[in-house]
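Right, one structure below, let's go through it.
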Amino acid sequence: MASGGYKDLPFFKQTEIIYDFTVEFVQKYIDYKSRTKDQMEQAARSGKQNIAEGYLQKSLEGRIKLLGVARGSLEELLNDYQDFLRQHGLGFWEKDSMEARRVRGFVYNDYNNYKNYKDYIENAESAANAMICLINQTNRLLDQKLRWLEEKFVNEGGFRENLFKRRMAKKKE
């Protein structure tokens with residue numbers, strides 16, 4: 001892994017953008033007394049923080065579990081943005097619309113960061129749709145990583161299992 005560890009992972013960088021954007025989104029468009037505000041902020045935070053915690057786990061099982069939690073939190077947040085559009089009578093971008101393709105293109109920029117998405121926050125419909133695009137992309141990356149980690153676990157075993165094998169080999173010496 002690169003020198004920054006998990007912070008260099010594309011899906012971690014994307015969750016930072018999702019979190020920062022969501023905090024600003026709820027301040028602008030969700031009643032501050034609403035439980036939805038807290039839920040959206042916590043789901044965005046959980047998506048980011050569980051990746052960080054997962055990558056600090058020694059065990060593959062722990063990493064898989066926490067990345068799964070991150071994935072679940074992002075799915076919850078995705079539903080909140082979709083609910084917002086539906087409940088406010090706002091439009092959903094078509095998957096292949098010009099707007100959706102433009103937002104999806106940001107992740108291929110090595111210097112992708114929150115500033116790329118700032119223009120979208122000024123309009124509730126664009127803001128929610130931009131996050132729907134980014135969350136869907138991030139979820140796909142997490143799904144790929146989870147499949148890879150599960151395959152690795154099946155082929156190589158887990159942390160405790162491998163420690164036990166090393167312990168047994170040491171006993172035989």
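The way I read the labels, and the way they are meant: chains A, B, ... in the order of the structure tokens, residue 1 as the first residue of every chain, and ligand 1 as the first ligand shown, with later ones counted on from there.
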
Closest pair table for range 8-71 of chain A residues within 10 Å of range 95-113 of chain A, only C-alpha atoms, as a Markdown table:
```
| residue | atom | partner | partner_atom | distance |
| --- | --- | --- | --- | --- |
| A:Pro10 | CA | A:Val107 | CA | 8.0 |
| A:Phe11 | CA | A:Val107 | CA | 9.5 |
| A:Lys13 | CA | A:Asn113 | CA | 7.7 |
| A:Gln14 | CA | A:Val107 | CA | 7.8 |
| A:Glu16 | CA | A:Asn113 | CA | 8.5 |
| A:Ile17 | CA | A:Asn113 | CA | 6.4 |
| A:Ile18 | CA | A:Asn113 | CA | 10.0 |
```

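Distances here use only C-alpha atoms; by that measure, the residue among A:Gly5, A:Gly68, A:Gly89, A:Gly47 closest to Glu150 in chain A is A:Gly68.
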
Inset, instruction - Write down as a ChimeraX atom specification the residues of chain A whose backbone DSSP state falls under helix (DSSP H, G or I). - result: /A:5-8,10-29,35-55,60-87,98-106,114-122,124-156,159-172

Using only C-alpha atoms, I'd like a table of the residues in range 57-93 of chain A that come within 10 Å of range 139-142 of chain A; for each, show the closest atom pair and its distance in Å rounded to one decimal, ordered by chain and ascending number, as a Markdown table.
```
| residue | atom | partner | partner_atom | distance |
| --- | --- | --- | --- | --- |
| A:Leu67 | CA | A:Leu142 | CA | 7.3 |
| A:Gly68 | CA | A:Leu142 | CA | 8.2 |
| A:Ala70 | CA | A:Leu142 | CA | 8.5 |
| A:Arg71 | CA | A:Asn139 | CA | 6.2 |
| A:Gly72 | CA | A:Asn139 | CA | 9.0 |
| A:Leu74 | CA | A:Asn139 | CA | 7.1 |
| A:Glu75 | CA | A:Asn139 | CA | 7.6 |
| A:Leu78 | CA | A:Asn139 | CA | 9.6 |
```

Inset, instruction - Enter the distance from CA of Leu9 in chain A to CA of Lys145 in chain A, in Å, rounded to one decimal. - result: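 Spanning CA of Leu9 in chain A to CA of Lys145 in chain A is a straight-line distance of 10.6 Å.
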
Legend entry - One-decimal distance in Å that lies between CA of Phe12 in chain A and CA of Thr138 in chain A: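 Answer for the CA of Thr138 in chain A to CA of Phe12 in chain A separation: 8.5 Å.
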
Inset, instruction - Could you jot down the CA of Phe21 in chain A to CA of Arg147 in chain A separation for me, Å, one decimal place? - result: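 Separating CA of Phe21 in chain A from CA of Arg147 in chain A is a distance of 27.9 Å.
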
For range 114-127 of chain A, list every protein, DNA or RNA residue within 8 Å, evaluated using only C-alpha atoms, and leave out those in the same chain fewer than 3 positions away; present the list as a short mmCIF file (atom, residue, chain, number, x, y, z; two decimals) with N, CA and C atoms, in the first residue's frame.
```
data_model
loop_
_atom_site.label_atom_id
_atom_site.label_comp_id
_atom_site.auth_asym_id
_atom_site.auth_seq_id
_atom_site.Cartn_x
_atom_site.Cartn_y
_atom_site.Cartn_z
N ILE A 17 -15.01 13.14 1.18
CA ILE A 17 -15.80 14.11 0.41
C ILE A 17 -17.29 13.96 0.78
N ASP A 20 -17.88 15.46 4.33
CA ASP A 20 -17.84 16.93 4.36
C ASP A 20 -19.05 17.53 3.63
N PHE A 21 -19.40 16.96 2.50
CA PHE A 21 -20.53 17.46 1.72
C PHE A 21 -21.83 17.26 2.50
N GLU A 24 -22.41 19.81 5.23
CA GLU A 24 -22.86 21.08 4.65
C GLU A 24 -24.29 20.96 4.11
N PHE A 25 -24.60 19.84 3.48
CA PHE A 25 -25.95 19.61 2.94
C PHE A 25 -27.01 19.70 4.03
N TYR A 29 -30.14 22.22 4.10
CA TYR A 29 -31.42 21.73 3.60
C TYR A 29 -32.26 20.90 4.57
N LEU A 85 -34.92 13.62 -2.25
CA LEU A 85 -35.40 14.00 -3.58
C LEU A 85 -36.88 13.65 -3.76
N LEU A 90 -38.34 16.48 -6.10
CA LEU A 90 -37.21 16.86 -6.95
C LEU A 90 -36.85 15.73 -7.89
N GLY A 91 -36.17 16.06 -8.97
CA GLY A 91 -35.84 15.07 -9.99
C GLY A 91 -34.59 14.26 -9.67
N PHE A 92 -34.60 13.04 -10.15
CA PHE A 92 -33.44 12.15 -10.07
C PHE A 92 -32.72 12.23 -11.41
N VAL A 103 -20.25 14.29 -12.80
CA VAL A 103 -19.92 14.02 -11.39
C VAL A 103 -19.12 12.73 -11.27
N PHE A 106 -15.32 13.00 -11.85
CA PHE A 106 -14.41 13.60 -10.86
C PHE A 106 -13.51 12.57 -10.19
N ALA A 130 -25.69 14.68 -6.87
CA ALA A 130 -24.22 14.54 -6.92
C ALA A 130 -23.76 13.53 -5.88
N MET A 131 -24.35 13.57 -4.69
CA MET A 131 -23.96 12.62 -3.65
C MET A 131 -24.46 11.22 -3.98
#
```

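Considering only C-alpha atoms, the residue among A:Thr15, A:Lys171, A:Trp148, A:Val23 positioned nearest to Leu60 in chain A is A:Trp148.
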
Inset, instruction - Rank nothing, just name the residue among A:Ser59, A:Arg86, A:Lys28, A:Leu77 nearest to Leu134 in chain A, using only C-alpha atoms. - result: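 For Leu134 in chain A, the nearest of the given residues is A:Leu77.
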